[in-house]
file start13.cif (mmCIF, C-alpha atoms)
data_input
#
loop_
_atom_site.label_atom_id
_atom_site.label_comp_id
_atom_site.auth_asym_id
_atom_site.auth_seq_id
_atom_site.Cartn_x
_atom_site.Cartn_y
_atom_site.Cartn_z
CA GLN A 1 24.46 39.01 31.56
CA ARG A 2 26.64 37.41 28.92
CA ARG A 3 24.97 35.84 25.94
CA LEU A 4 25.61 32.16 25.51
CA PHE A 5 25.83 32.46 21.75
CA THR A 6 26.53 35.21 19.27
CA ALA A 7 25.23 35.44 15.75
CA ALA A 8 27.21 33.21 13.43
CA ARG A 9 28.99 34.70 10.47
CA PRO A 10 27.51 33.81 7.10
CA PRO A 11 29.38 30.93 5.46
CA ALA A 12 32.18 31.96 3.14
CA PRO A 13 31.34 31.60 -0.55
CA PRO A 14 33.05 28.73 -2.33
CA LEU A 15 36.32 29.50 -4.07
CA GLN A 16 35.70 30.38 -7.67
CA GLY A 17 37.67 29.25 -10.66
CA ARG A 18 39.50 26.12 -11.65
CA TRP A 19 42.93 25.30 -10.33
CA MET A 20 45.45 23.36 -12.34
CA CYS A 21 47.73 21.59 -9.88
CA CYS A 22 50.93 19.61 -10.22
CA TRP A 23 53.46 18.10 -7.82
CA LYS A 24 56.89 19.67 -7.86
CA PRO A 25 59.71 17.93 -5.96
CA ASP A 26 61.66 20.02 -3.50
CA ALA A 27 64.69 19.31 -1.29
CA ARG A 28 62.66 19.62 1.93
CA CYS A 29 59.16 18.67 0.86
CA ARG A 30 56.78 18.52 -2.03
CA ILE A 31 55.07 21.69 -3.24
CA LEU A 32 51.70 21.74 -4.95
CA GLU A 33 51.42 24.65 -7.35
CA CYS A 34 47.90 25.58 -8.38
CA GLY A 35 47.21 28.10 -11.08
CA GLY A 36 50.59 29.64 -10.45
CA ALA A 37 49.31 31.32 -7.26
CA MET A 38 48.06 28.78 -4.75
CA SER A 39 50.76 26.63 -3.15
CA PHE A 40 50.76 23.84 -0.61
CA GLU A 41 53.72 22.50 1.30
CA THR A 42 53.54 19.23 3.20
CA VAL A 43 54.51 19.46 6.86
CA SER A 44 55.45 16.22 8.56
CA ALA A 45 57.17 14.68 11.56
CA ARG A 46 58.67 17.27 13.93
CA TRP A 47 57.25 20.54 12.68
CA GLN A 48 58.17 22.92 15.50
CA ASP A 49 60.44 25.01 13.24
CA THR A 50 57.64 25.40 10.69
CA PHE A 51 55.23 26.54 13.40
CA GLU A 52 57.75 29.00 14.82
CA ARG A 53 58.33 30.49 11.37
CA LEU A 54 54.58 31.02 11.09
CA VAL A 55 54.53 32.78 14.47
CA GLY A 56 57.49 34.89 13.37
CA SER A 57 55.57 36.01 10.28
CA ILE A 58 52.56 37.38 12.20
CA GLU A 59 52.18 41.10 11.60
CA GLU A 60 48.75 41.89 13.01
CA TYR A 61 46.70 38.76 13.66
CA GLY A 62 47.33 35.16 14.66
CA LEU A 63 44.81 32.33 14.98
CA PHE A 64 45.69 29.19 16.95
CA VAL A 65 43.21 26.30 16.97
CA SER A 66 44.26 23.35 19.12
CA PRO A 67 42.29 21.11 21.50
CA TYR A 68 45.37 20.68 23.70
CA ILE A 69 47.70 23.51 24.70
CA THR A 70 50.57 23.36 27.17
CA ALA A 71 53.11 25.81 28.53
CA LYS A 72 56.32 25.35 26.52
CA PRO A 73 54.83 26.14 23.08
CA MET A 74 53.17 29.24 24.55
CA GLU A 75 56.47 30.34 26.04
CA ARG A 76 58.04 30.09 22.57
CA VAL A 77 55.20 32.09 21.00
CA VAL A 78 55.68 34.84 23.57
CA GLN A 79 59.46 34.84 23.13
CA ILE A 80 59.25 35.07 19.33
CA LEU A 81 56.76 37.95 19.39
CA GLN A 82 58.66 39.76 22.13
CA ASP A 83 61.92 39.45 20.20
CA ARG A 84 60.19 41.08 17.24
CA GLY A 85 58.77 43.85 19.44
CA VAL A 86 55.19 43.37 18.24
CA VAL A 87 53.41 42.16 21.38
CA SER A 88 51.41 45.35 21.81
CA GLY A 89 50.13 45.44 18.24
CA VAL A 90 49.35 41.79 17.62
CA ARG A 91 45.91 40.24 18.15
CA LEU A 92 45.71 36.53 18.92
CA ASP A 93 42.67 34.27 18.80
CA VAL A 94 43.06 30.95 20.63
CA LEU A 95 40.43 28.24 20.24
CA THR A 96 40.86 25.28 22.57
CA ASP A 97 39.05 22.66 24.61
CA LEU A 98 38.94 23.73 28.26
CA SER A 99 36.80 20.80 29.35
CA VAL A 100 37.37 19.69 32.93
CA ASN A 101 38.69 16.28 31.88
CA ASN A 102 41.27 17.83 29.55
CA VAL A 103 42.45 20.22 32.25
CA LEU A 104 42.55 17.51 34.93
CA ARG A 105 44.64 15.25 32.68
CA GLY A 106 46.99 18.13 31.92
CA SER A 107 46.18 17.95 28.20
CA THR A 108 45.23 21.62 28.30
CA ASP A 109 47.01 23.90 30.76
CA PRO A 110 45.05 27.03 31.78
CA GLY A 111 48.32 28.43 33.11
CA ALA A 112 49.73 28.40 29.57
CA LEU A 113 46.79 30.50 28.39
CA ILE A 114 47.22 32.95 31.28
CA LEU A 115 50.92 33.25 30.41
CA LEU A 116 49.99 34.11 26.82
CA MET A 117 47.30 36.62 27.87
CA ASP A 118 49.69 38.34 30.27
CA ALA A 119 52.37 38.73 27.59
CA ILE A 120 50.07 39.48 24.63
CA PRO A 121 47.31 41.76 26.00
CA ARG A 122 45.09 41.43 22.92
CA THR A 123 44.70 37.67 23.26
CA ARG A 124 41.22 36.12 23.23
CA VAL A 125 40.54 32.55 24.32
CA THR A 126 37.43 30.69 23.20
CA TYR A 127 36.33 27.36 24.65
CA LEU A 128 34.84 24.93 22.16
CA PRO A 129 33.97 21.41 23.36
CA ARG A 130 34.39 18.61 20.83
CA LEU A 131 37.10 20.64 19.12
CA HIS A 132 39.42 18.37 17.17
CA ALA A 133 40.84 20.62 14.43
CA LYS A 134 44.44 21.85 14.59
CA VAL A 135 44.82 25.00 12.51
CA TYR A 136 47.33 27.86 12.76
CA VAL A 137 47.01 31.08 10.76
CA ALA A 138 49.25 34.14 10.38
CA ASP A 139 47.29 37.14 9.09
CA GLU A 140 46.09 36.16 5.62
CA SER A 141 49.48 35.08 4.38
CA GLU A 142 49.98 31.59 5.78
CA ALA A 143 48.07 28.72 7.37
CA ILE A 144 49.01 25.29 8.67
CA VAL A 145 46.38 22.56 8.87
CA THR A 146 47.86 19.59 10.71
CA SER A 147 47.32 16.76 13.16
CA GLY A 148 49.63 18.36 15.74
CA ASN A 149 48.47 20.01 18.96
CA LEU A 150 50.21 22.97 20.61
CA THR A 151 52.01 20.72 23.04
CA GLU A 152 55.64 19.73 23.29
CA SER A 153 54.77 16.23 22.07
CA GLY A 154 52.62 17.55 19.26
CA LEU A 155 55.33 19.87 17.98
CA SER A 156 58.54 17.92 18.41
CA LEU A 157 58.00 14.31 19.51
CA ASN A 158 55.02 12.75 17.75
CA TYR A 159 54.83 11.91 14.06
CA GLU A 160 52.38 14.53 12.83
CA TYR A 161 51.34 15.41 9.31
CA GLY A 162 49.74 18.41 7.67
CA VAL A 163 49.82 21.05 4.99
CA ARG A 164 51.21 24.59 4.95
CA ILE A 165 49.25 26.93 2.69
CA THR A 166 50.53 30.26 1.44
CA ASP A 167 47.84 31.30 -1.04
CA PRO A 168 46.10 34.38 0.45
CA ALA A 169 42.66 33.46 -0.91
CA PHE A 170 42.80 29.97 0.55
CA VAL A 171 44.25 31.21 3.85
CA ARG A 172 41.44 33.75 4.06
CA ARG A 173 38.89 30.99 3.44
CA ILE A 174 40.34 28.86 6.25
CA ARG A 175 40.38 31.82 8.61
CA GLU A 176 36.75 32.72 7.84
CA ASP A 177 35.60 29.12 8.33
CA ILE A 178 37.30 28.90 11.73
CA LEU A 179 36.04 32.29 12.90
CA ALA A 180 32.48 31.35 11.90
CA TYR A 181 32.78 28.29 14.12
CA ARG A 182 34.43 30.30 16.89
CA ASP A 183 31.45 32.66 16.98
CA LEU A 184 29.22 29.79 18.09
CA SER A 185 30.76 30.20 21.54
CA ASN A 186 32.00 33.05 23.73
CA VAL A 187 35.36 34.43 24.72
CA VAL A 188 36.46 33.10 28.12
CA PRO A 189 37.56 36.00 30.37
CA ARG A 190 40.92 35.78 32.10
CA PRO A 191 39.42 35.58 35.66
CA GLU A 192 37.42 32.53 34.62
CA ILE A 193 40.54 30.86 33.22
CA GLU A 194 42.32 31.60 36.51
CA GLN A 195 39.39 30.13 38.42
CA LEU A 196 39.45 27.05 36.19
CA ALA A 197 43.16 26.61 36.87
CA GLN A 198 42.56 26.79 40.63
CA THR A 199 39.55 24.49 40.44
CA ALA A 200 41.54 21.98 38.39
CA SER A 201 44.35 22.07 40.96
CA ASP A 202 41.86 21.49 43.79
CA LEU A 203 40.21 18.66 41.87
CA ARG A 204 43.57 17.01 41.18
CA ASP A 205 44.41 17.15 44.89
CA LEU A 206 41.01 15.71 45.71
CA SER A 207 41.41 13.01 43.07
CA HIS A 208 44.81 12.02 44.46
CA ARG A 209 43.38 11.88 47.97
CA ILE A 210 40.49 9.73 46.79
CA GLU A 211 42.94 7.43 45.00
CA ARG A 212 45.09 7.13 48.12
CA GLU A 213 42.07 6.41 50.29
CA ALA A 214 40.67 4.04 47.69
CA ARG A 215 44.00 2.24 47.47
CA LYS A 216 44.09 1.91 51.25
CA THR A 217 40.52 0.62 51.26
CA LEU A 218 41.34 -1.79 48.46
CA ARG A 219 44.53 -2.91 50.21
CA ASP A 220 42.59 -3.56 53.40
CA GLU A 221 39.94 -5.44 51.45
CA PHE A 222 42.64 -7.41 49.63
CA ARG A 223 44.32 -8.37 52.92
CA ARG A 224 40.98 -9.33 54.46
CA ARG A 225 39.95 -11.49 51.50
CA THR A 226 43.43 -13.04 51.31
CA SER A 227 43.35 -13.89 55.00
CA GLU A 228 39.90 -15.43 54.61
CA ALA A 229 41.08 -17.52 51.67
CA GLU A 230 44.18 -18.67 53.56
CA THR A 231 42.04 -19.58 56.56
CA GLU A 232 39.68 -21.58 54.35
CA LEU A 233 42.63 -23.45 52.86
CA MET A 234 44.05 -24.12 56.31
CA GLU A 235 40.68 -25.45 57.43
CA ILE A 236 40.80 -27.89 54.54
CA ARG A 237 44.38 -28.92 55.39
CA ALA A 238 43.67 -29.23 59.11
CA SER A 239 40.33 -30.95 58.71
CA GLY A 240 40.12 -33.88 61.12
CA LYS A 241 43.55 -33.15 62.60
CA THR A 242 44.82 -31.42 65.70
CA THR A 243 47.81 -29.11 65.87
CA ASN A 244 49.67 -31.86 67.67
CA GLY A 245 48.77 -34.40 65.00
CA ILE A 246 49.96 -32.23 62.09
CA PHE A 247 53.34 -31.49 63.68
CA ALA A 248 53.80 -35.07 64.93
CA ASP A 249 53.32 -36.46 61.42
CA THR A 250 55.78 -33.89 60.06
CA ILE A 251 58.46 -34.71 62.66
CA VAL A 252 58.24 -38.43 61.87
CA TYR A 253 58.45 -37.69 58.14
CA LEU A 254 61.57 -35.53 58.57
CA LEU A 255 63.39 -37.97 60.87
CA ARG A 256 62.63 -40.81 58.49
CA LYS A 257 63.90 -38.76 55.54
CA TYR A 258 66.99 -37.08 57.04
CA GLY A 259 67.88 -39.15 60.11
CA PRO A 260 68.59 -37.85 63.64
CA MET A 261 68.21 -34.07 63.99
CA ARG A 262 68.38 -31.40 66.64
CA THR A 263 65.27 -29.34 67.38
CA ILE A 264 66.96 -26.25 65.94
CA GLU A 265 67.40 -28.19 62.69
CA LEU A 266 63.82 -29.43 62.67
CA HIS A 267 62.24 -25.99 63.05
CA PRO A 268 63.15 -24.47 59.64
CA LEU A 269 62.22 -27.67 57.82
CA ILE A 270 58.83 -27.82 59.54
CA GLN A 271 58.27 -24.14 58.76
CA GLN A 272 59.21 -24.75 55.13
CA ILE A 273 56.59 -27.50 54.84
CA HIS A 274 53.90 -25.57 56.74
CA PRO A 275 54.57 -21.84 56.19
CA ASP A 276 50.92 -20.99 56.77
CA LEU A 277 50.81 -22.88 60.07
CA CYS A 278 54.19 -21.58 61.23
CA ASP A 279 53.71 -17.84 60.64
CA ASP A 280 55.48 -16.00 63.47
CA SER A 281 53.55 -12.79 62.81
CA ILE A 282 49.97 -13.96 63.42
CA ASP A 283 47.88 -16.26 65.56
CA ARG A 284 45.09 -17.99 63.65
CA VAL A 285 42.37 -19.98 65.35
CA ILE A 286 40.96 -22.67 63.09
CA LYS A 287 37.91 -24.33 64.62
CA GLY A 288 39.24 -23.67 68.10
CA VAL A 289 42.79 -24.80 67.28
CA HIS A 290 45.61 -22.24 67.39
CA PHE A 291 48.13 -21.93 64.57
CA GLY A 292 50.81 -19.32 64.04
CA LYS A 293 52.92 -17.59 66.65
CA LYS A 294 53.00 -20.53 69.09
CA TRP A 295 53.97 -23.15 66.52
CA LYS A 296 57.33 -23.95 68.16
CA HIS A 297 55.49 -24.66 71.40
CA TYR A 298 53.24 -27.09 69.53
CA VAL A 299 56.27 -28.73 67.91
CA ARG A 300 57.75 -29.35 71.37
CA ASN A 301 54.45 -30.85 72.55
CA ALA A 302 54.40 -33.11 69.48
CA GLN A 303 57.97 -34.24 70.18
CA GLN A 304 57.08 -35.17 73.76
CA HIS A 305 53.92 -36.94 72.63
CA LEU A 306 55.87 -39.03 70.09
CA LYS A 307 58.54 -39.83 72.68
CA GLN A 308 55.94 -41.01 75.20
CA ARG A 309 54.43 -43.29 72.56
CA GLY A 310 57.85 -44.77 71.79
CA ILE A 311 57.90 -43.53 68.22
CA ILE A 312 60.93 -41.23 68.57
CA GLY A 313 63.75 -40.94 71.07
CA PHE A 314 66.12 -38.23 72.30
CA ASP A 315 69.82 -38.80 73.05
CA GLY A 316 70.33 -35.46 74.77
CA THR A 317 71.22 -33.69 71.53
CA ARG A 318 69.25 -35.16 68.64
CA TRP A 319 65.85 -36.63 68.04
CA TYR A 320 65.80 -39.97 66.23
CA LEU A 321 63.24 -42.41 64.92
CA ILE A 322 62.92 -45.63 66.95
CA GLN A 323 62.99 -48.75 64.83
CA GLY A 324 59.48 -50.05 64.38
CA GLY A 325 58.09 -46.75 65.70
#
call {"tool": "encode", "arguments": {"input": "start13.cif", "output": "structure tokens"}}
result
Amino acid sequence: QRRLFTAARPPAPPLQGRWMCCWKPDARCRILECGGAMSFETVSARWQDTFERLVGSIEEYGLFVSPYITAKPMERVVQILQDRGVVSGVRLDVLTDLSVNNVLRGSTDPGALILLMDAIPRTRVTYLPRLHAKVYVADESEAIVTSGNLTESGLSLNYEYGVRITDPAFVRRIREDILAYRDLSNVVPRPEIEQLAQTASDLRDLSHRIEREARKTLRDEFRRRTSEAETELMEIRASGKTTNGIFADTIVYLLRKYGPMRTIELHPLIQQIHPDLCDDSIDRVIKGVHFGKKWKHYVRNAQQHLKQRGIIGFDGTRWYLIQGG
């Protein structure tokens, strides 16, 4: 049975001695020289080249600390180490956040870790929740402490900022601090990373299905509530009136406004005024009165009713308003 925790390393002793530091301008950056030995170089903006130079300088051991890791940076790490012919002799420690949420969002790609482990056999992956540090170390010769993750965005798109350190004592201190924190957790075996990748894929599929079903449910609910609201509004508009009464009033209004008209000319104008009552796709029943698909039938009834009452007339082609009607 695997132990959940291993004994933590004792904390590294504080650096001894006093360091006299001064800023020295440089064409590419600013260099901080301390005591003639310790040096710092600012790393800003797109720092992919700086990271790749660090990878290219690894002789025996590399330490990558990044909450988010994706495939393309890992492909470059593998390519650089393969080109140098050192994949069999190099040890890599990778500290990352393999939380389910990170994996589901694609912030951390288990497939990228598997790719690295396949190419560099002596790679160890440690899962540390709440990890936020981004630190990259080559042996004891160089370290980068930065805001950038091992993602394409973190390396080449985002504005990131950090420091490159080349003093062996300080690099060693950084490495010891990180390894002491790493030892609070366990190495994640490759089969478990593979299982996590499969589980994440299954969960993403399930999440998408839930979203689709939820969207359908929400769409259905939206349509139902919309229809109810439209019906309530129609009830208000039709309150105290019959279908015949609504269309009769509209016909009189249109003939008074535009003069004699054919039925085919009346229809679109009536539909424009009452789009909810003249919807060809549905048949609504409001308090026992039908509206919708049969609206043209009700318009014809209204025309005949108005004609019988002597309000409008028909000359065989057009309907017209009778004077005094």
call {"tool": "residues_around", "arguments": {"input": "start13.cif", "residues": "segment 83-92 of chain A", "least_positions_apart": "3", "cutoff": "9 Å", "atoms": "all atoms listed in the file", "output": "PDB file with C-alpha atoms, keeping the file's coordinate frame"}}
result
ATOM      1  CA  GLY A  56      57.490  34.890  13.370  1.00  0.00           C
ATOM      2  CA  ILE A  58      52.560  37.380  12.200  1.00  0.00           C
ATOM      3  CA  GLU A  59      52.180  41.100  11.600  1.00  0.00           C
ATOM      4  CA  GLU A  60      48.750  41.890  13.010  1.00  0.00           C
ATOM      5  CA  TYR A  61      46.700  38.760  13.660  1.00  0.00           C
ATOM      6  CA  GLY A  62      47.330  35.160  14.660  1.00  0.00           C
ATOM      7  CA  LEU A  63      44.810  32.330  14.980  1.00  0.00           C
ATOM      8  CA  PHE A  64      45.690  29.190  16.950  1.00  0.00           C
ATOM      9  CA  VAL A  78      55.680  34.840  23.570  1.00  0.00           C
ATOM     10  CA  GLN A  79      59.460  34.840  23.130  1.00  0.00           C
ATOM     11  CA  ILE A  80      59.250  35.070  19.330  1.00  0.00           C
ATOM     12  CA  ALA A 119      52.370  38.730  27.590  1.00  0.00           C
ATOM     13  CA  ILE A 120      50.070  39.480  24.630  1.00  0.00           C
ATOM     14  CA  PRO A 121      47.310  41.760  26.000  1.00  0.00           C
ATOM     15  CA  ARG A 122      45.090  41.430  22.920  1.00  0.00           C
ATOM     16  CA  THR A 123      44.700  37.670  23.260  1.00  0.00           C
ATOM     17  CA  ARG A 124      41.220  36.120  23.230  1.00  0.00           C
ATOM     18  CA  VAL A 125      40.540  32.550  24.320  1.00  0.00           C
TER      19      VAL A 125
END
call {"tool": "resolve_selection", "arguments": {"input": "start13.cif", "expression": "the PyMOL selection byres ((chain A and resi 164) around 6)", "output": "PyMOL selection string"}}
result
chain A and resi 40-41+143-144+163+165
call {"tool": "atom_distance", "arguments": {"input": "start13.cif", "atom1": "atom CA of Val252 of chain A", "atom2": "atom CA of His297 of chain A"}}
result
17.0 Å
call {"tool": "atom_distance", "arguments": {"input": "start13.cif", "atom1": "atom CA of Arg172 of chain A", "atom2": "atom CA of Arg190 of chain A"}}
result
28.1 Å
call {"tool": "closest_residue", "arguments": {"input": "start13.cif", "among": "A:Thr146, A:Asn101, A:Thr96, A:Ser201", "to": "Trp47 of chain A", "atoms": "all atoms listed in the file"}}
result
A:Thr146
call {"tool": "residues_around", "arguments": {"input": "start13.cif", "residues": "Ala112 of chain A", "least_positions_apart": "4", "cutoff": "7 Å", "atoms": "only C-alpha atoms", "output": "VMD selection string"}}
result
chain A and resid 70 to 71 74 116
call {"tool": "write_last_selection", "arguments": {"input": "start13.cif", "atoms": "C-alpha atoms", "output": "compact mmCIF listing (two decimals), in the coordinates of the input"}}
result
# COMPACT_ATOMS: atom_id res chain seq x y z
CA THR A 70 50.57 23.36 27.17
CA ALA A 71 53.11 25.81 28.53
CA MET A 74 53.17 29.24 24.55
CA LEU A 116 49.99 34.11 26.82
call {"tool": "closest_residue", "arguments": {"input": "start13.cif", "among": "A:Gln48, A:Gln323, A:Thr317, A:Asn102", "to": "Arg76 of chain A", "atoms": "only C-alpha atoms"}}
result
A:Gln48
call {"tool": "residues_around", "arguments": {"input": "start13.cif", "residues": "Trp319 of chain A", "least_positions_apart": "3", "cutoff": "8 Å", "atoms": "all atoms listed in the file", "output": "JSON, numbers by chain"}}
result
{"A": [255, 260, 261, 262, 263, 312, 313, 314, 315]}
call {"tool": "resolve_selection", "arguments": {"input": "start13.cif", "expression": "the PyMOL selection byres ((chain A and resi 130) around 12)", "output": "number ranges by chain"}}
result
A: 66-68, 95-99, 102, 127-129, 131-133, 181
call {"tool": "atom_distance", "arguments": {"input": "start13.cif", "atom1": "atom CA of Lys134 of chain A", "atom2": "atom CA of Pro191 of chain A"}}
result
25.6 Å
call {"tool": "closest_residue", "arguments": {"input": "start13.cif", "among": "A:Val135, A:Ser57, A:Glu140, A:Asn149", "to": "Pro168 of chain A", "atoms": "only C-alpha atoms"}}
result
A:Glu140
call {"tool": "resolve_selection", "arguments": {"input": "start13.cif", "expression": "the PyMOL selection byres ((chain A and resi 182) around 10)", "output": "PDB file with C-alpha atoms, keeping the file's coordinate frame"}}
result
ATOM      1  CA  THR A   6      26.530  35.210  19.270  1.00  0.00           C
ATOM      2  CA  ALA A   8      27.210  33.210  13.430  1.00  0.00           C
ATOM      3  CA  ARG A   9      28.990  34.700  10.470  1.00  0.00           C
ATOM      4  CA  VAL A  65      43.210  26.300  16.970  1.00  0.00           C
ATOM      5  CA  ASP A  93      42.670  34.270  18.800  1.00  0.00           C
ATOM      6  CA  VAL A  94      43.060  30.950  20.630  1.00  0.00           C
ATOM      7  CA  LEU A  95      40.430  28.240  20.240  1.00  0.00           C
ATOM      8  CA  THR A  96      40.860  25.280  22.570  1.00  0.00           C
ATOM      9  CA  VAL A 125      40.540  32.550  24.320  1.00  0.00           C
ATOM     10  CA  THR A 126      37.430  30.690  23.200  1.00  0.00           C
ATOM     11  CA  TYR A 127      36.330  27.360  24.650  1.00  0.00           C
ATOM     12  CA  LEU A 128      34.840  24.930  22.160  1.00  0.00           C
ATOM     13  CA  GLU A 176      36.750  32.720   7.840  1.00  0.00           C
ATOM     14  CA  ASP A 177      35.600  29.120   8.330  1.00  0.00           C
ATOM     15  CA  ILE A 178      37.300  28.900  11.730  1.00  0.00           C
ATOM     16  CA  LEU A 179      36.040  32.290  12.900  1.00  0.00           C
ATOM     17  CA  ALA A 180      32.480  31.350  11.900  1.00  0.00           C
ATOM     18  CA  TYR A 181      32.780  28.290  14.120  1.00  0.00           C
ATOM     19  CA  ASP A 183      31.450  32.660  16.980  1.00  0.00           C
ATOM     20  CA  LEU A 184      29.220  29.790  18.090  1.00  0.00           C
ATOM     21  CA  SER A 185      30.760  30.200  21.540  1.00  0.00           C
ATOM     22  CA  ASN A 186      32.000  33.050  23.730  1.00  0.00           C
ATOM     23  CA  VAL A 187      35.360  34.430  24.720  1.00  0.00           C
TER      24      VAL A 187
END
call {"tool": "closest_residue", "arguments": {"input": "start13.cif", "among": "A:Ile193, A:Cys278, A:Leu218, A:Leu254", "to": "Leu115 of chain A", "atoms": "all atoms listed in the file"}}
result
A:Ile193
